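Peer 1: This is the structure I want to talk about, given as structure tokens.
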Amino acid sequence: MNFNRHFLIFVAILIAVIMNACKSTRHLNENELLVSKVKVKVTNDALDKEAMFGLVKQKPNRRLLGIFPLYLGIYNLYYDKAESRIKDAIGEAPVIYDSLLTKKTTNQLKLYLNNRGFYDSQVSYTTDIKKKKIKVEYKIDEGVPYKIKDLNYSITDKTIYYHVTQDSSNLLIKPGKRFDVDLLQEERNRLTRLIRNEGYFYFSKEYIYFEADTNQNKASLQLGIKDVEKKTYEDEVYYEPHEKFTINNVFVRLNYDNQLTYQIASDTLYEKNIYFIDEGSFKFKPKAIARSIFIRKGELYQLKNQDLTYRNLSALRAFNFISIRFEKDFENPNSLNCFINLSPRKAKSFTIEAEGTNSGGNLGISGNVGFQNANAFKGAETFSVRLKGGLEAQQVLDNESNSNITSGLPFNTVEFGPEVNLDIPRFLLPISADQFSARTNPKTTINMSYNFQQRPDYTRRISKIYLAYSWNETAEKTHIIQPIDVSYIKLDKSLNFQNRLDAINNPFIQNSYRDHFITATKYSF
């Protein structure tokens with residue numbers, strides 16, 4: 001009865017709010033209009049209607065289920081109260097029509113169309129006023145879009161010109177495509193990555209520009225790349241080609257926070273042309289960390305190697321902080337020193353979880369205790385142990401069996417079991433792991449688990465072990481091979497339950513309650 005009373009009160013309040021919303025204009029001044037509807041009419045499918053609607057400066061008040069202006073109704077309901085938490089938190093003041101904002105919207109829409117290549121477009125709007133409410137409709141005549149006619153280059157740096165033209169097959173700007181400013185920006189970003197991958201560390205997209213000559217809905221484009229502007233002591237401007245850089249030395253600080261904060265004395269190890277600096281204990285094996293680093297002494301600077309190093313170090317899940325920076329080596333022309341600063345996260349952790357369960361109406365409680373070591377063997381290996389357990393009141397298949405196996409508790413099912421997992425950030429094979437590219441972020445997983453379940457009908461034991469190898473072909477493609485996947489299921493049935501299975505005489509059901517030994521080899525993509 002209390003529930004029904006509260007529900008009726010809630011419905012009454014909701015009706016009052018909706019009634020107030022229906023009188024949404026009652027608090028408006030004489031010359032004010034409420035924006036009740038806004039529409040952007042677009043006929044060309046090449047344009048993003050949602051993006052254009054997002055440019056509208058004034059939109060109607062939000063509506064519940066797209067019908068009821070609930071938030072405006074709440075605002076009006078508490079209109080006379082100067083201080084109201086409900087009005088401030090949930091209520092929404094009426095959107096008062098502003099003709100100036102409507103004109104700004106038309107200008108924004110026109111600018112948007114220009115950037116999409118519709119330079120001959122027309123943007124207008126109409127209004128419909130009824131009972132102090134106004135509907136605004138923006139009408140767009142897109143016109144014929146401008147398309148790219150041809151592309152020419154203005155690049156004085158012959159080396160950069162060579163790299164750009166050699167990669168012309170990947171150009172985003174091609175004759176016949178719509179003249180779109182966003183497309184030009186994408187091309188600038190693509191060329192910037194291309195050039196930085198050729199050793200030009202200080203190159204940025206600001207050096208790339210486009211000039212367009214438009215005529216009869218066609219655009220002839222010129223792609224230019226500026227040289228580096230420099231000044232003499234007399235402030236005279238001159239230009240030089242961009243510099244290419246190679247990597248001189250690579251320094252890795254393995255416990256950067258402590259070294260920075262406490263100025264602790266450090267030791268240095270040299271492994272795979274990389275200097276590893278630590279407090280002396282070397283919690284991580286330098287060789288293991290070196291597998292994830294692709295910035296090496298003597299090699300050309302490449303942005304993709306910097307990104308790949310950051311991504312693979314992050315994938316180790318062993319560090320809270322990862323920083324990669326470069327400094328010009330003034331003793332060696334066109335050389336960079338690389339500093340990789342790493343702050344390890346706490347290696348060992350414990351977790352305890354408990355929960356109530358409801359599986360198909362079967363109530364129960366469960367919990368698990370876990371331990372994890374994120375650097376088990378000093379190679380960023382993740383070792384974890386988890387013990388799961390639970391009690392549940394399940395429907396008994398054999399009515400003659402004892403339905404309660406826990407003294408004084410309503411549960412008839414007990415389940416528990418441990419799981420051990422080891423993730424190794426390399427391929428663990430008889431063959432040397434160095435023969436496989438570390439760029440693919442290879443990983444070996446060994447997993448063992450055991451599950452014990454006792455209920456009145458039967459007792460079941462499940463043992464499972466598998467070995468898995470995984471690697472990333474690209475950022476979007478992952479391969480997982482499990483050459484070993486073995487499961488053993490042992491089932492001890494009660495006599496009454498066995499008699500019932502025999503009486504059913506269904507081969508499928510009988511097979512579900514037999515012992516099983518399953519071996520498999522799996523591949524996932």
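We label chains A, B, ... in the order they appear in the structure tokens, count residues from 1 in each chain, and number ligands from 1 in the order shown.
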Asn189 (chain A): which residues within 12 Å, counting only C-alpha atoms, same-chain residues fewer than 2 positions away excluded, as a list in words?
Peer 2: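 My list of contacting residues is Leu171, Leu172, Asp182, Leu183, Leu184, Gln185, Glu186, Glu187, Leu191, Thr192, Arg193, Leu194, Ile195, Arg196, Phe203, Ser204, Lys205, Glu206, Tyr207, Ile208 and Tyr209 of chain A.
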Peer 1: For Lys87 (chain A), find every residue with an atom within 10 Å (counting only C-alpha atoms), except residues of its own chain fewer than 2 positions away, and show them as a PyMOL selection string.
Peer 2: chain A and resi 71-79+81-85+89-93
Peer 1: Find the nearest atom pair between each residue of region 279-304 of chain A and region 248-251 of chain A for residues within 10 Å, count only C-alpha atoms, give distances in Å to one decimal, sort rows by chain and ascending number, and present the table as a Markdown table.
Peer 2:
| residue | atom | partner | partner_atom | distance |
| --- | --- | --- | --- | --- |
| A:Ile293 | CA | A:Val250 | CA | 9.7 |
| A:Ile295 | CA | A:Val250 | CA | 7.4 |
| A:Arg296 | CA | A:Val250 | CA | 6.8 |
| A:Lys297 | CA | A:Asn248 | CA | 5.1 |
| A:Gly298 | CA | A:Asn248 | CA | 5.9 |
| A:Glu299 | CA | A:Asn248 | CA | 8.2 |
| A:Leu300 | CA | A:Asn248 | CA | 9.6 |
| A:Tyr301 | CA | A:Asn248 | CA | 9.8 |
Peer 1: List every residue of region 287-485 of chain A that DSSP, applied to the backbone of this structure, places in strand (DSSP E), and write the result as a tab-separated table (two decimals) with N, CA, C and O atoms, in the first residue's frame.
Peer 2:
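Okay, this is what ended up in selection-v4.tsv:
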chain	number	residue	atom	x	y	z
A	319	PHE	N	53.98	-0.14	-16.23
A	319	PHE	CA	54.41	1.21	-15.91
A	319	PHE	C	53.22	2.14	-15.78
A	319	PHE	O	52.27	2.09	-16.56
A	320	ASN	N	53.29	3.01	-14.78
A	320	ASN	CA	52.27	4.05	-14.60
A	320	ASN	C	52.53	5.25	-15.50
A	320	ASN	O	51.60	5.96	-15.89
A	321	PHE	N	53.80	5.49	-15.80
A	321	PHE	CA	54.19	6.70	-16.55
A	321	PHE	C	55.21	6.31	-17.61
A	321	PHE	O	56.19	5.60	-17.32
A	322	ILE	N	54.96	6.75	-18.84
A	322	ILE	CA	55.88	6.50	-19.96
A	322	ILE	C	56.07	7.81	-20.71
A	322	ILE	O	55.10	8.44	-21.14
A	323	SER	N	57.32	8.22	-20.83
A	323	SER	CA	57.62	9.46	-21.55
A	323	SER	C	58.76	9.21	-22.52
A	323	SER	O	59.77	8.58	-22.16
A	324	ILE	N	58.59	9.68	-23.76
A	324	ILE	CA	59.65	9.57	-24.78
A	324	ILE	C	59.92	10.96	-25.32
A	324	ILE	O	59.03	11.61	-25.86
A	325	ARG	N	61.13	11.43	-25.15
A	325	ARG	CA	61.48	12.75	-25.67
A	325	ARG	C	62.85	12.71	-26.34
A	325	ARG	O	63.67	11.82	-26.06
A	326	PHE	N	63.08	13.69	-27.19
A	326	PHE	CA	64.32	13.76	-27.96
A	326	PHE	C	64.97	15.12	-27.74
A	326	PHE	O	64.30	16.13	-27.61
A	327	GLU	N	66.28	15.10	-27.72
A	327	GLU	CA	67.06	16.34	-27.63
A	327	GLU	C	68.15	16.32	-28.69
A	327	GLU	O	68.76	15.28	-28.96
A	328	LYS	N	68.37	17.48	-29.26
A	328	LYS	CA	69.40	17.61	-30.28
A	328	LYS	C	70.78	17.43	-29.65
A	328	LYS	O	71.07	17.99	-28.60
A	335	SER	N	72.03	14.81	-35.21
A	335	SER	CA	71.82	13.65	-34.34
A	335	SER	C	70.89	14.02	-33.19
A	335	SER	O	70.86	15.17	-32.73
A	336	LEU	N	70.15	13.01	-32.71
A	336	LEU	CA	69.24	13.18	-31.58
A	336	LEU	C	69.58	12.17	-30.50
A	336	LEU	O	69.92	11.01	-30.80
A	337	ASN	N	69.49	12.61	-29.27
A	337	ASN	CA	69.53	11.69	-28.14
A	337	ASN	C	68.11	11.45	-27.66
A	337	ASN	O	67.31	12.38	-27.54
A	338	CYS	N	67.78	10.18	-27.40
A	338	CYS	CA	66.43	9.81	-26.99
A	338	CYS	C	66.43	9.46	-25.50
A	338	CYS	O	67.30	8.70	-25.04
A	339	PHE	N	65.46	10.01	-24.77
A	339	PHE	CA	65.32	9.73	-23.34
A	339	PHE	C	63.94	9.11	-23.10
A	339	PHE	O	62.92	9.74	-23.35
A	340	ILE	N	63.96	7.86	-22.64
A	340	ILE	CA	62.71	7.15	-22.33
A	340	ILE	C	62.63	7.01	-20.81
A	340	ILE	O	63.46	6.35	-20.19
A	341	ASN	N	61.64	7.68	-20.23
A	341	ASN	CA	61.48	7.68	-18.78
A	341	ASN	C	60.29	6.80	-18.40
A	341	ASN	O	59.18	6.98	-18.89
A	342	LEU	N	60.55	5.83	-17.50
A	342	LEU	CA	59.54	4.87	-17.09
A	342	LEU	C	59.39	4.87	-15.58
A	342	LEU	O	60.39	4.84	-14.85
A	343	SER	N	58.15	4.91	-15.12
A	343	SER	CA	57.87	4.79	-13.69
A	343	SER	C	57.01	3.55	-13.47
A	343	SER	O	55.86	3.50	-13.91
A	344	PRO	N	57.57	2.51	-12.86
A	344	PRO	CA	56.83	1.25	-12.71
A	344	PRO	C	55.67	1.39	-11.74
A	344	PRO	O	55.73	2.14	-10.77
A	348	LYS	N	52.92	-5.95	-7.07
A	348	LYS	CA	52.06	-6.94	-6.42
A	348	LYS	C	50.76	-6.29	-5.93
A	348	LYS	O	50.79	-5.19	-5.37
A	349	SER	N	49.67	-6.99	-6.14
A	349	SER	CA	48.38	-6.46	-5.70
A	349	SER	C	47.45	-7.60	-5.32
A	349	SER	O	47.57	-8.72	-5.83
A	350	PHE	N	46.53	-7.30	-4.40
A	350	PHE	CA	45.53	-8.27	-3.95
A	350	PHE	C	44.14	-7.69	-4.23
A	350	PHE	O	43.92	-6.49	-4.11
A	351	THR	N	43.21	-8.57	-4.57
A	351	THR	CA	41.83	-8.14	-4.77
A	351	THR	C	40.90	-9.12	-4.04
A	351	THR	O	41.16	-10.33	-4.00
A	352	ILE	N	39.84	-8.58	-3.48
A	352	ILE	CA	38.80	-9.38	-2.83
A	352	ILE	C	37.45	-8.87	-3.34
A	352	ILE	O	37.18	-7.68	-3.31
A	353	GLU	N	36.64	-9.79	-3.84
A	353	GLU	CA	35.34	-9.41	-4.38
A	353	GLU	C	34.27	-10.35	-3.83
A	353	GLU	O	34.51	-11.54	-3.62
A	354	ALA	N	33.08	-9.81	-3.57
A	354	ALA	CA	31.94	-10.60	-3.13
A	354	ALA	C	30.70	-10.08	-3.83
A	354	ALA	O	30.59	-8.89	-4.12
A	355	GLU	N	29.75	-10.98	-4.12
A	355	GLU	CA	28.55	-10.55	-4.82
A	355	GLU	C	27.41	-11.52	-4.54
A	355	GLU	O	27.62	-12.68	-4.19
A	356	GLY	N	26.21	-11.00	-4.68
A	356	GLY	CA	25.02	-11.84	-4.66
A	356	GLY	C	24.61	-12.15	-6.08
A	356	GLY	O	24.76	-11.31	-6.97
A	357	THR	N	24.14	-13.35	-6.33
A	357	THR	CA	23.81	-13.77	-7.69
A	357	THR	C	22.36	-14.20	-7.79
A	357	THR	O	21.75	-14.66	-6.81
A	358	ASN	N	21.82	-14.04	-8.98
A	358	ASN	CA	20.47	-14.51	-9.29
A	358	ASN	C	20.51	-15.04	-10.71
A	358	ASN	O	20.44	-14.29	-11.67
A	359	SER	N	20.67	-16.35	-10.84
A	359	SER	CA	20.80	-16.98	-12.15
A	359	SER	C	19.53	-17.77	-12.44
A	359	SER	O	19.32	-18.85	-11.92
A	362	ASN	N	17.66	-18.69	-9.42
A	362	ASN	CA	18.44	-19.40	-8.40
A	362	ASN	C	19.32	-18.40	-7.66
A	362	ASN	O	20.24	-17.83	-8.25
A	363	LEU	N	19.03	-18.18	-6.38
A	363	LEU	CA	19.77	-17.20	-5.60
A	363	LEU	C	21.03	-17.81	-5.02
A	363	LEU	O	21.09	-19.00	-4.72
A	364	GLY	N	22.06	-16.95	-4.88
A	364	GLY	CA	23.30	-17.45	-4.31
A	364	GLY	C	24.23	-16.32	-3.92
A	364	GLY	O	23.93	-15.14	-4.11
A	365	ILE	N	25.36	-16.70	-3.36
A	365	ILE	CA	26.42	-15.75	-3.02
A	365	ILE	C	27.73	-16.31	-3.56
A	365	ILE	O	27.91	-17.53	-3.63
A	366	SER	N	28.61	-15.44	-3.96
A	366	SER	CA	29.90	-15.88	-4.49
A	366	SER	C	30.96	-14.83	-4.16
A	366	SER	O	30.64	-13.69	-3.83
A	367	GLY	N	32.19	-15.23	-4.30
A	367	GLY	CA	33.29	-14.31	-4.05
A	367	GLY	C	34.58	-14.88	-4.60
A	367	GLY	O	34.66	-16.05	-5.00
A	368	ASN	N	35.59	-14.03	-4.69
A	368	ASN	CA	36.89	-14.52	-5.13
A	368	ASN	C	37.99	-13.67	-4.52
A	368	ASN	O	37.78	-12.50	-4.18
A	369	VAL	N	39.12	-14.29	-4.36
A	369	VAL	CA	40.32	-13.64	-3.83
A	369	VAL	C	41.40	-13.78	-4.89
A	369	VAL	O	41.61	-14.87	-5.44
A	370	GLY	N	42.06	-12.67	-5.21
A	370	GLY	CA	43.06	-12.71	-6.27
A	370	GLY	C	44.37	-12.08	-5.86
A	370	GLY	O	44.43	-11.18	-5.02
A	371	PHE	N	45.44	-12.60	-6.46
A	371	PHE	CA	46.78	-12.04	-6.28
A	371	PHE	C	47.40	-11.88	-7.65
A	371	PHE	O	47.26	-12.74	-8.52
A	372	GLN	N	48.10	-10.75	-7.85
A	372	GLN	CA	48.74	-10.51	-9.13
A	372	GLN	C	50.13	-9.91	-8.93
A	372	GLN	O	50.32	-9.04	-8.08
A	373	ASN	N	51.07	-10.42	-9.72
A	373	ASN	CA	52.42	-9.87	-9.75
A	373	ASN	C	52.71	-9.45	-11.18
A	373	ASN	O	52.78	-10.29	-12.09
A	382	THR	N	53.21	-11.10	-16.23
A	382	THR	CA	52.09	-10.92	-15.31
A	382	THR	C	51.62	-12.30	-14.83
A	382	THR	O	51.12	-13.10	-15.61
A	383	PHE	N	51.80	-12.54	-13.55
A	383	PHE	CA	51.40	-13.81	-12.94
A	383	PHE	C	50.23	-13.53	-12.00
A	383	PHE	O	50.30	-12.63	-11.15
A	384	SER	N	49.15	-14.27	-12.16
A	384	SER	CA	47.97	-14.04	-11.33
A	384	SER	C	47.39	-15.36	-10.85
A	384	SER	O	47.41	-16.36	-11.57
A	385	VAL	N	46.88	-15.33	-9.63
A	385	VAL	CA	46.21	-16.48	-9.03
A	385	VAL	C	44.87	-15.98	-8.50
A	385	VAL	O	44.80	-14.95	-7.83
A	386	ARG	N	43.82	-16.73	-8.82
A	386	ARG	CA	42.49	-16.33	-8.36
A	386	ARG	C	41.76	-17.57	-7.82
A	386	ARG	O	41.76	-18.63	-8.46
A	387	LEU	N	41.18	-17.42	-6.65
A	387	LEU	CA	40.40	-18.49	-6.04
A	387	LEU	C	38.94	-18.04	-5.98
A	387	LEU	O	38.61	-17.04	-5.34
A	388	LYS	N	38.07	-18.80	-6.67
A	388	LYS	CA	36.66	-18.46	-6.73
A	388	LYS	C	35.85	-19.46	-5.91
A	388	LYS	O	36.19	-20.65	-5.85
A	389	GLY	N	34.77	-18.99	-5.33
A	389	GLY	CA	33.89	-19.87	-4.57
A	389	GLY	C	32.50	-19.31	-4.50
A	389	GLY	O	32.29	-18.09	-4.64
A	390	GLY	N	31.50	-20.18	-4.28
A	390	GLY	CA	30.14	-19.70	-4.19
A	390	GLY	C	29.19	-20.75	-3.68
A	390	GLY	O	29.47	-21.96	-3.70
A	391	LEU	N	28.07	-20.28	-3.19
A	391	LEU	CA	26.95	-21.12	-2.75
A	391	LEU	C	25.71	-20.69	-3.51
A	391	LEU	O	25.51	-19.50	-3.75
A	392	GLU	N	24.89	-21.66	-3.88
A	392	GLU	CA	23.70	-21.33	-4.65
A	392	GLU	C	22.58	-22.31	-4.31
A	392	GLU	O	22.81	-23.47	-3.99
A	413	THR	N	24.07	-26.10	-3.32
A	413	THR	CA	25.17	-26.23	-4.29
A	413	THR	C	26.40	-25.48	-3.78
A	413	THR	O	26.29	-24.32	-3.38
A	414	VAL	N	27.53	-26.16	-3.83
A	414	VAL	CA	28.81	-25.56	-3.47
A	414	VAL	C	29.72	-25.61	-4.68
A	414	VAL	O	29.80	-26.63	-5.37
A	415	GLU	N	30.39	-24.48	-4.96
A	415	GLU	CA	31.30	-24.42	-6.11
A	415	GLU	C	32.53	-23.61	-5.74
A	415	GLU	O	32.43	-22.56	-5.13
A	416	PHE	N	33.71	-24.15	-6.07
A	416	PHE	CA	34.93	-23.38	-5.85
A	416	PHE	C	36.01	-23.91	-6.77
A	416	PHE	O	35.89	-25.01	-7.36
A	417	GLY	N	37.07	-23.14	-6.91
A	417	GLY	CA	38.19	-23.57	-7.73
A	417	GLY	C	39.21	-22.48	-7.96
A	417	GLY	O	38.86	-21.30	-7.99
A	418	PRO	N	40.46	-22.86	-8.10
A	418	PRO	CA	41.52	-21.87	-8.38
A	418	PRO	C	41.78	-21.72	-9.88
A	418	PRO	O	41.45	-22.60	-10.67
A	419	GLU	N	42.36	-20.58	-10.25
A	419	GLU	CA	42.80	-20.34	-11.62
A	419	GLU	C	44.15	-19.65	-11.58
A	419	GLU	O	44.35	-18.67	-10.85
A	420	VAL	N	45.10	-20.18	-12.34
A	420	VAL	CA	46.46	-19.62	-12.40
A	420	VAL	C	46.72	-19.19	-13.83
A	420	VAL	O	46.47	-19.95	-14.78
A	421	ASN	N	47.22	-17.96	-14.01
A	421	ASN	CA	47.46	-17.42	-15.35
A	421	ASN	C	48.82	-16.73	-15.40
A	421	ASN	O	49.19	-15.99	-14.48
A	422	LEU	N	49.55	-16.97	-16.46
A	422	LEU	CA	50.85	-16.33	-16.66
A	422	LEU	C	50.90	-15.74	-18.06
A	422	LEU	O	50.77	-16.47	-19.05
A	423	ASP	N	51.06	-14.41	-18.16
A	423	ASP	CA	51.23	-13.71	-19.44
A	423	ASP	C	52.69	-13.30	-19.59
A	423	ASP	O	53.23	-12.58	-18.75
A	424	ILE	N	53.31	-13.77	-20.68
A	424	ILE	CA	54.72	-13.48	-20.94
A	424	ILE	C	54.79	-12.61	-22.20
A	424	ILE	O	54.28	-13.00	-23.25
A	443	LYS	N	52.89	-12.32	-27.45
A	443	LYS	CA	52.61	-12.66	-26.06
A	443	LYS	C	52.29	-14.14	-25.94
A	443	LYS	O	51.62	-14.70	-26.81
A	444	THR	N	52.78	-14.75	-24.88
A	444	THR	CA	52.48	-16.14	-24.57
A	444	THR	C	51.64	-16.18	-23.30
A	444	THR	O	51.98	-15.52	-22.31
A	445	THR	N	50.57	-16.97	-23.31
A	445	THR	CA	49.70	-17.10	-22.15
A	445	THR	C	49.61	-18.57	-21.76
A	445	THR	O	49.32	-19.43	-22.61
A	446	ILE	N	49.85	-18.85	-20.49
A	446	ILE	CA	49.67	-20.19	-19.94
A	446	ILE	C	48.60	-20.09	-18.86
A	446	ILE	O	48.72	-19.28	-17.93
A	447	ASN	N	47.57	-20.92	-18.99
A	447	ASN	CA	46.45	-20.84	-18.06
A	447	ASN	C	46.08	-22.23	-17.57
A	447	ASN	O	45.97	-23.18	-18.37
A	448	MET	N	45.89	-22.35	-16.26
A	448	MET	CA	45.44	-23.61	-15.65
A	448	MET	C	44.30	-23.29	-14.67
A	448	MET	O	44.39	-22.32	-13.92
A	449	SER	N	43.26	-24.10	-14.71
A	449	SER	CA	42.13	-23.86	-13.81
A	449	SER	C	41.52	-25.18	-13.37
A	449	SER	O	41.62	-26.20	-14.07
A	450	TYR	N	40.88	-25.13	-12.21
A	450	TYR	CA	40.18	-26.30	-11.67
A	450	TYR	C	38.88	-25.81	-11.05
A	450	TYR	O	38.85	-24.78	-10.35
A	451	ASN	N	37.80	-26.53	-11.33
A	451	ASN	CA	36.50	-26.16	-10.79
A	451	ASN	C	35.83	-27.38	-10.18
A	451	ASN	O	35.71	-28.43	-10.83
A	452	PHE	N	35.40	-27.22	-8.93
A	452	PHE	CA	34.70	-28.29	-8.21
A	452	PHE	C	33.29	-27.82	-7.89
A	452	PHE	O	33.11	-26.73	-7.34
A	453	GLN	N	32.31	-28.65	-8.25
A	453	GLN	CA	30.91	-28.32	-7.96
A	453	GLN	C	30.23	-29.53	-7.35
A	453	GLN	O	30.26	-30.64	-7.91
A	454	GLN	N	29.62	-29.32	-6.18
A	454	GLN	CA	28.88	-30.39	-5.51
A	454	GLN	C	27.44	-29.95	-5.30
A	454	GLN	O	27.17	-28.89	-4.75
A	458	TYR	N	24.71	-34.54	-8.34
A	458	TYR	CA	26.01	-35.05	-8.79
A	458	TYR	C	27.13	-34.17	-8.24
A	458	TYR	O	26.90	-33.06	-7.74
A	459	THR	N	28.34	-34.68	-8.37
A	459	THR	CA	29.55	-33.92	-8.08
A	459	THR	C	30.36	-33.84	-9.36
A	459	THR	O	30.61	-34.87	-10.01
A	460	ARG	N	30.80	-32.63	-9.74
A	460	ARG	CA	31.50	-32.44	-11.01
A	460	ARG	C	32.84	-31.76	-10.77
A	460	ARG	O	32.95	-30.82	-9.98
A	461	ARG	N	33.86	-32.24	-11.47
A	461	ARG	CA	35.20	-31.66	-11.41
A	461	ARG	C	35.65	-31.34	-12.83
A	461	ARG	O	35.61	-32.22	-13.70
A	462	ILE	N	36.10	-30.12	-13.06
A	462	ILE	CA	36.57	-29.70	-14.38
A	462	ILE	C	38.00	-29.20	-14.26
A	462	ILE	O	38.28	-28.26	-13.52
A	463	SER	N	38.90	-29.84	-14.98
A	463	SER	CA	40.31	-29.42	-15.03
A	463	SER	C	40.60	-28.93	-16.44
A	463	SER	O	40.19	-29.57	-17.42
A	464	LYS	N	41.31	-27.81	-16.54
A	464	LYS	CA	41.57	-27.23	-17.86
A	464	LYS	C	42.95	-26.60	-17.89
A	464	LYS	O	43.39	-25.97	-16.93
A	465	ILE	N	43.62	-26.77	-19.01
A	465	ILE	CA	44.93	-26.12	-19.22
A	465	ILE	C	45.04	-25.75	-20.69
A	465	ILE	O	44.60	-26.50	-21.56
A	466	TYR	N	45.60	-24.55	-20.95
A	466	TYR	CA	45.83	-24.20	-22.34
A	466	TYR	C	47.06	-23.31	-22.46
A	466	TYR	O	47.46	-22.63	-21.51
A	467	LEU	N	47.65	-23.36	-23.65
A	467	LEU	CA	48.80	-22.52	-24.01
A	467	LEU	C	48.40	-21.71	-25.23
A	467	LEU	O	47.89	-22.27	-26.21
A	468	ALA	N	48.60	-20.39	-25.19
A	468	ALA	CA	48.17	-19.52	-26.28
A	468	ALA	C	49.28	-18.57	-26.69
A	468	ALA	O	50.03	-18.07	-25.83
A	469	TYR	N	49.38	-18.35	-28.00
A	469	TYR	CA	50.28	-17.34	-28.55
A	469	TYR	C	49.43	-16.29	-29.26
A	469	TYR	O	48.54	-16.62	-30.04
A	470	SER	N	49.71	-15.02	-29.00
A	470	SER	CA	48.96	-13.95	-29.65
A	470	SER	C	49.93	-12.88	-30.15
A	470	SER	O	50.98	-12.66	-29.56
A	471	TRP	N	49.55	-12.24	-31.25
A	471	TRP	CA	50.35	-11.13	-31.79
A	471	TRP	C	49.46	-10.24	-32.64
A	471	TRP	O	48.40	-10.65	-33.09
A	472	ASN	N	49.91	-9.00	-32.83
A	472	ASN	CA	49.16	-8.01	-33.60
A	472	ASN	C	49.79	-7.86	-34.97
A	472	ASN	O	50.93	-7.41	-35.08
A	478	THR	N	44.47	-8.94	-34.88
A	478	THR	CA	45.13	-9.73	-33.84
A	478	THR	C	44.93	-11.21	-34.12
A	478	THR	O	43.82	-11.64	-34.47
A	479	HIS	N	46.00	-11.99	-33.98
A	479	HIS	CA	45.93	-13.44	-34.16
A	479	HIS	C	46.18	-14.12	-32.81
A	479	HIS	O	47.04	-13.70	-32.04
A	480	ILE	N	45.42	-15.20	-32.54
A	480	ILE	CA	45.61	-15.99	-31.33
A	480	ILE	C	45.59	-17.46	-31.71
A	480	ILE	O	44.62	-17.94	-32.32
A	481	ILE	N	46.67	-18.17	-31.38
A	481	ILE	CA	46.75	-19.61	-31.63
A	481	ILE	C	46.89	-20.32	-30.29
A	481	ILE	O	47.75	-19.97	-29.48
A	482	GLN	N	46.04	-21.33	-30.07
A	482	GLN	CA	46.14	-22.18	-28.88
A	482	GLN	C	46.48	-23.59	-29.34
A	482	GLN	O	45.58	-24.40	-29.63
A	483	PRO	N	47.77	-23.93	-29.42
A	483	PRO	CA	48.15	-25.28	-29.88
A	483	PRO	C	47.76	-26.36	-28.88
A	483	PRO	O	47.53	-27.50	-29.26
A	484	ILE	N	47.69	-25.97	-27.61
A	484	ILE	CA	47.33	-26.93	-26.56
A	484	ILE	C	46.13	-26.39	-25.80
A	484	ILE	O	46.18	-25.29	-25.24
A	485	ASP	N	45.05	-27.17	-25.81
A	485	ASP	CA	43.85	-26.81	-25.06
A	485	ASP	C	43.20	-28.12	-24.60
A	485	ASP	O	42.58	-28.84	-25.39
Peer 1: Which residues are near Ser36 (chain A)? Cut-off 8 Å, only C-alpha atoms, ignore same chain within fewer than 5 positions. Put them as an MDAnalysis selection string.
Peer 2: chainID A and resid 60:61 133:135
Peer 1: With N, CA and C atoms retained, export the selected residues as a tab-separated table (two decimals), in the first residue's frame.
Peer 2:
chain	number	residue	atom	x	y	z
A	60	PRO	N	15.41	23.98	-29.56
A	60	PRO	CA	14.30	23.94	-28.60
A	60	PRO	C	14.70	23.26	-27.29
A	61	ASN	N	13.91	23.47	-26.27
A	61	ASN	CA	14.12	22.77	-25.00
A	61	ASN	C	14.03	21.26	-25.21
A	133	LYS	N	4.88	31.05	-29.87
A	133	LYS	CA	5.87	30.03	-30.18
A	133	LYS	C	6.33	30.22	-31.62
A	134	ILE	N	7.61	29.91	-31.87
A	134	ILE	CA	8.17	30.11	-33.20
A	134	ILE	C	8.87	28.83	-33.67
A	135	LYS	N	8.63	28.49	-34.93
A	135	LYS	CA	9.31	27.39	-35.58
A	135	LYS	C	10.26	27.97	-36.63
Peer 1: Pick the closest to Lys132 (chain A) from A:Leu429, A:Val35, A:Leu223, A:Val252: which is it, counting only C-alpha atoms?
Peer 2: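 The closest residue to Lys132 (chain A) is A:Val35.
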